[in-house]
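Report on the following structure.
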Amino acid sequence: MAYDFDLFVIGAGSGGVRAARFAAGFGAKVAVAESRYLGGTCVNVGCVPKKLLVYGAHVADELEQAAGFGWTLEEGHFDWGTLIANKNREIERLNGIYRNLLVNSGVTLLQGHARLTGANEVEVEGQRYTAEHILIATGGWPQVPDIPGKELAITSNEAFYLKDLPRRVLVVGGGYIAVEFAGIFQGLGSATTLLYRGDLFLRGFDGSVRTHLKEELEKRGLDLQFNADIQRIDKLEDGSLKATLKDGRELVTDCVFYATGRRPMLDNLGLENTGVELDERGYIRVDPQYQTTAPSILAIGDVIGRVQLTPVALAEGMAVARRLFKPEQYRPVDYQNIPTAVFSQPPIGTVGLTEEQALEAGHKVQVFESRFRAMKLTLTDIQEKTLMKLVVDAETDKVLGCHMVGPDAGEIIQGLGIALKAGATKQQFDETIGVHPTAAEEFVTMRTATR
């Protein structure tokens, strides 16, 4: 059968664009359909604008530290509207870049909602197209619990387009998005409370990292409330919001921001017209080659619910393009030792196993841990501490995990990710000469196990 396209990609986010571009480069006839914005969550309402807002919030720290270095500054004034306008301009620039990447690669770009009408057929704005392979890369979407007043809350989607900076913000959630936005709002001047239903945020991260970040956020004056959850939200006469907690307490705020998880974006996708199945969590079920239970349909990225990170979606998109159209270059995605960062204030960088994971896996563990005040802060009154930690297999000397909380953690952990991927030992860390004076050198100068 002759198809209109060799590959039809639904979703122009990071993974979909990567798969489409490289498939076209390998000689395939490719189409991409996108109903919202080019670049997906990451470029538009995710990592990119969030990092720009983090930079903005961090300026307050720089201004506070300036006096210690002899700078006398007039009282600064922050304008939320200027930051958002500049952010929007940058996102529009990136949208154009993504458009050019696709078009210049020979990809047919269809702007409209795509719906599956069969195992090899897609409908976009009333027009039907056939394809030998269909790739679903529709990503995820934030969700708010079904409580009275849920329509009064916002998510990360809306936070990037708030007309004004709220005077008071209640952030609900314990994942990295909640922690990051709590830091953004507080750093930009909002009185911020972080509410989480568990004992401690960032479940799944190393215990030392979680505890250390909690202590540093409390030093900064962030109101942390654990083992707490909202029962209902009501709007008051003055326009403010009242959050009634399950323990009966009432918190009055100007904004309730929910970051309590994301769901796969499958709305009106037409999966019922195919043999595609979902797993027990509601994500698309795929095999190790990202093939769904319908042989002609594949899925990658957040919609399959594996590791929900932009670089992982990029790697998955590349793997699909190579396997289908350049099999001699195919390499499976390695999900071990994926470095990641949380752009909290201070930020987290981590790669490899946590101490808890290493013990659970049966390793005999040595832990090397260091807490210190960064050199940059020694001329100031700021008492923030940096944490660095190595988790080592005591029998093989292999470094199992590297964890950091402190300035530039994400930048530093990237290089250590290569070391762990290469199987580096603690001895090799010890024999590596440090760059002095830097914080990063601490990772190669920790000599004595703390436990």
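The chains in the structure tokens are called A, B, ... from first to last as shown; in each chain the residues are counted from 1, and the ligands are counted from 1 in the order shown.
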I want to know what sits within 10 Å of Arg210 (chain A), based on only C-alpha atoms, with residues of the same chain fewer than 5 positions away left out; could you give that as an mmCIF file with C-alpha atoms, in the first residue's frame?
data_model
loop_
_atom_site.group_PDB
_atom_site.id
_atom_site.type_symbol
_atom_site.label_atom_id
_atom_site.label_comp_id
_atom_site.auth_asym_id
_atom_site.auth_seq_id
_atom_site.Cartn_x
_atom_site.Cartn_y
_atom_site.Cartn_z
ATOM 1 C CA LEU A 200 9.249 15.831 53.202
ATOM 2 C CA PHE A 201 9.332 16.996 49.596
ATOM 3 C CA LEU A 202 11.275 15.563 46.602
ATOM 4 C CA ARG A 203 10.446 11.911 47.226
ATOM 5 C CA GLY A 204 12.921 9.706 45.357
ATOM 6 C CA PHE A 205 15.856 12.096 45.775
ATOM 7 C CA GLU A 215 17.076 23.592 55.932
ATOM 8 C CA ILE A 348 20.148 20.498 43.154
ATOM 9 C CA VAL A 405 22.870 21.198 46.628
#
Mind running region 295-403 of chain A against region 10-27 of chain A at 10 Å and telling me each contacting residue's nearest atom pair with the distance in Å (one decimal), counting only C-alpha atoms, chain and number ascending, as a Markdown table?
| residue | atom | partner | partner_atom | distance |
| --- | --- | --- | --- | --- |
| A:Ala299 | CA | A:Gly16 | CA | 9.4 |
| A:Ile300 | CA | A:Gly15 | CA | 6.9 |
| A:Gly301 | CA | A:Gly15 | CA | 6.2 |
| A:Asp302 | CA | A:Gly15 | CA | 9.2 |
| A:Leu309 | CA | A:Ser14 | CA | 9.9 |
| A:Thr310 | CA | A:Ser14 | CA | 6.5 |
| A:Pro311 | CA | A:Ser14 | CA | 8.2 |
| A:Val312 | CA | A:Gly15 | CA | 8.1 |
| A:Ala313 | CA | A:Gly15 | CA | 4.5 |
| A:Leu314 | CA | A:Gly15 | CA | 4.5 |
| A:Ala315 | CA | A:Gly15 | CA | 7.5 |
| A:Glu316 | CA | A:Gly15 | CA | 6.8 |
| A:Gly317 | CA | A:Ala19 | CA | 4.2 |
| A:Met318 | CA | A:Ala19 | CA | 5.4 |
| A:Ala319 | CA | A:Ala19 | CA | 7.9 |
| A:Val320 | CA | A:Ala19 | CA | 6.5 |
| A:Ala321 | CA | A:Ala23 | CA | 4.9 |
| A:Arg322 | CA | A:Ala23 | CA | 7.2 |
| A:Arg323 | CA | A:Ala23 | CA | 9.6 |
| A:Leu324 | CA | A:Ala23 | CA | 8.0 |
| A:Phe325 | CA | A:Phe26 | CA | 6.1 |
| A:Lys326 | CA | A:Phe26 | CA | 6.5 |
Review point. Near Leu165 (chain A), counting only C-alpha atoms, which residues have an atom at most 9 Å away, once you skip same-chain residues fewer than 4 positions from it, shown as a PyMOL selection string?
Key: chain A and resi 79-81+185+188-190
Save out the residues we just selected, all heavy atoms, as a JSON list (two decimals), in the first residue's frame.
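Saved result, selection11.json, follows:
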[["chain", "number", "residue", "atom", "x", "y", "z"],
["A", 79, "ASP", "N", 10.03, 44.55, 38.21],
["A", 79, "ASP", "CA", 8.79, 44.70, 37.45],
["A", 79, "ASP", "C", 8.46, 43.37, 36.78],
["A", 79, "ASP", "O", 9.13, 42.96, 35.83],
["A", 79, "ASP", "CB", 8.94, 45.80, 36.41],
["A", 79, "ASP", "CG", 7.64, 46.04, 35.65],
["A", 79, "ASP", "OD1", 6.70, 46.59, 36.25],
["A", 79, "ASP", "OD2", 7.55, 45.63, 34.47],
["A", 80, "TRP", "N", 7.41, 42.70, 37.27],
["A", 80, "TRP", "CA", 7.00, 41.40, 36.75],
["A", 80, "TRP", "C", 6.64, 41.51, 35.26],
["A", 80, "TRP", "O", 7.00, 40.62, 34.46],
["A", 80, "TRP", "CB", 5.81, 40.91, 37.56],
["A", 80, "TRP", "CG", 5.11, 39.69, 37.02],
["A", 80, "TRP", "CD1", 3.99, 39.68, 36.25],
["A", 80, "TRP", "CD2", 5.46, 38.32, 37.23],
["A", 80, "TRP", "NE1", 3.61, 38.38, 35.96],
["A", 80, "TRP", "CE2", 4.51, 37.53, 36.55],
["A", 80, "TRP", "CE3", 6.49, 37.69, 37.93],
["A", 80, "TRP", "CZ2", 4.55, 36.13, 36.53],
["A", 80, "TRP", "CZ3", 6.54, 36.29, 37.92],
["A", 80, "TRP", "CH2", 5.58, 35.53, 37.23],
["A", 81, "GLY", "N", 5.94, 42.56, 34.88],
["A", 81, "GLY", "CA", 5.51, 42.70, 33.50],
["A", 81, "GLY", "C", 6.67, 42.71, 32.52],
["A", 81, "GLY", "O", 6.59, 42.13, 31.42],
["A", 185, "PHE", "N", 8.71, 32.38, 43.08],
["A", 185, "PHE", "CA", 7.79, 33.37, 43.65],
["A", 185, "PHE", "C", 8.42, 34.10, 44.84],
["A", 185, "PHE", "O", 8.34, 35.32, 44.95],
["A", 185, "PHE", "CB", 6.48, 32.71, 44.06],
["A", 185, "PHE", "CG", 5.56, 32.40, 42.91],
["A", 185, "PHE", "CD1", 5.12, 31.10, 42.68],
["A", 185, "PHE", "CD2", 5.14, 33.40, 42.06],
["A", 185, "PHE", "CE1", 4.27, 30.81, 41.63],
["A", 185, "PHE", "CE2", 4.28, 33.13, 40.99],
["A", 185, "PHE", "CZ", 3.84, 31.83, 40.78],
["A", 188, "LEU", "N", 11.21, 36.53, 43.82],
["A", 188, "LEU", "CA", 10.75, 37.73, 43.14],
["A", 188, "LEU", "C", 9.93, 38.64, 44.06],
["A", 188, "LEU", "O", 9.51, 39.72, 43.64],
["A", 188, "LEU", "CB", 9.93, 37.36, 41.91],
["A", 188, "LEU", "CG", 10.72, 36.65, 40.79],
["A", 188, "LEU", "CD1", 9.80, 36.25, 39.66],
["A", 188, "LEU", "CD2", 11.86, 37.52, 40.29],
["A", 189, "GLY", "N", 9.70, 38.19, 45.30],
["A", 189, "GLY", "CA", 9.08, 39.08, 46.29],
["A", 189, "GLY", "C", 7.74, 38.67, 46.84],
["A", 189, "GLY", "O", 7.18, 39.38, 47.68],
["A", 190, "SER", "N", 7.20, 37.54, 46.40],
["A", 190, "SER", "CA", 5.91, 37.09, 46.95],
["A", 190, "SER", "C", 6.12, 36.40, 48.29],
["A", 190, "SER", "O", 7.10, 35.67, 48.48],
["A", 190, "SER", "CB", 5.24, 36.10, 45.98],
["A", 190, "SER", "OG", 5.00, 36.68, 44.73]]
Review point. So which bits of region 37-261 of chain A end up strand (DSSP E) when you DSSP the backbone, as a PyMOL selection string?
Key: chain A and resi 108-111+114-118+121-124+127-136+140-142+168-172+191-196+223-226+230-235+241-245+250-253+255-258
Practice item. Just list the residues in region 103-175 of chain A DSSP gives alpha helix (DSSP H) on the backbone, as a ChimeraX atom specification. Key: /A:103-104,156-159
Review point. Contacts of Glu356 (chain A) at 10 Å or less, counting only C-alpha atoms, minus same-chain residues fewer than 6 places along, as an MDAnalysis selection string?
Key: chainID A and resid 204:208 365 391
Now that the selection is made, can you save its residues with all heavy atoms as a CSV table (one decimal), in the first residue's frame?
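What follows is the written file out08.csv:
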chain,number,residue,atom,x,y,z
A,204,GLY,N,12.1,10.4,46.4
A,204,GLY,CA,12.9,9.7,45.4
A,204,GLY,C,14.3,10.3,45.2
A,204,GLY,O,15.2,9.6,44.7
A,205,PHE,N,14.5,11.5,45.7
A,205,PHE,CA,15.9,12.1,45.8
A,205,PHE,C,16.6,11.6,47.0
A,205,PHE,O,16.0,11.1,47.9
A,205,PHE,CB,15.8,13.6,45.8
A,205,PHE,CG,15.5,14.2,44.4
A,205,PHE,CD1,14.2,14.2,43.9
A,205,PHE,CD2,16.5,14.8,43.7
A,205,PHE,CE1,13.9,14.8,42.7
A,205,PHE,CE2,16.2,15.3,42.4
A,205,PHE,CZ,14.9,15.3,41.9
A,206,ASP,N,17.9,11.8,47.0
A,206,ASP,CA,18.7,11.3,48.2
A,206,ASP,C,18.3,12.0,49.5
A,206,ASP,O,17.9,13.2,49.5
A,206,ASP,CB,20.2,11.7,47.9
A,206,ASP,CG,21.1,11.1,48.9
A,206,ASP,OD1,21.5,9.9,48.8
A,206,ASP,OD2,21.3,11.8,50.0
A,207,GLY,N,18.2,11.3,50.5
A,207,GLY,CA,17.7,11.8,51.8
A,207,GLY,C,18.5,13.0,52.3
A,207,GLY,O,17.9,13.9,52.8
A,208,SER,N,19.8,13.0,52.1
A,208,SER,CA,20.7,14.1,52.6
A,208,SER,C,20.3,15.3,51.8
A,208,SER,O,20.3,16.5,52.3
A,208,SER,CB,22.1,13.8,52.4
A,208,SER,OG,22.5,12.6,53.2
A,365,VAL,N,27.9,0.1,51.2
A,365,VAL,CA,28.0,1.5,50.8
A,365,VAL,C,29.0,2.3,51.7
A,365,VAL,O,29.0,2.1,52.9
A,365,VAL,CB,26.6,2.2,50.8
A,365,VAL,CG1,26.8,3.7,50.6
A,365,VAL,CG2,25.8,1.6,49.7
A,391,VAL,N,28.2,8.5,46.8
A,391,VAL,CA,27.8,7.2,47.3
A,391,VAL,C,28.7,6.2,46.5
A,391,VAL,O,28.7,6.2,45.3
A,391,VAL,CB,26.3,7.0,47.0
A,391,VAL,CG1,25.9,5.6,47.5
A,391,VAL,CG2,25.5,8.1,47.6
Check your understanding: For the atom pair CA of Lys219 (chain A) and CA of Gly349 (chain A), what is the interatomic distance in Å to one decimal place?
Key ->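 Computing it gives 20.0 Å between the two atoms.
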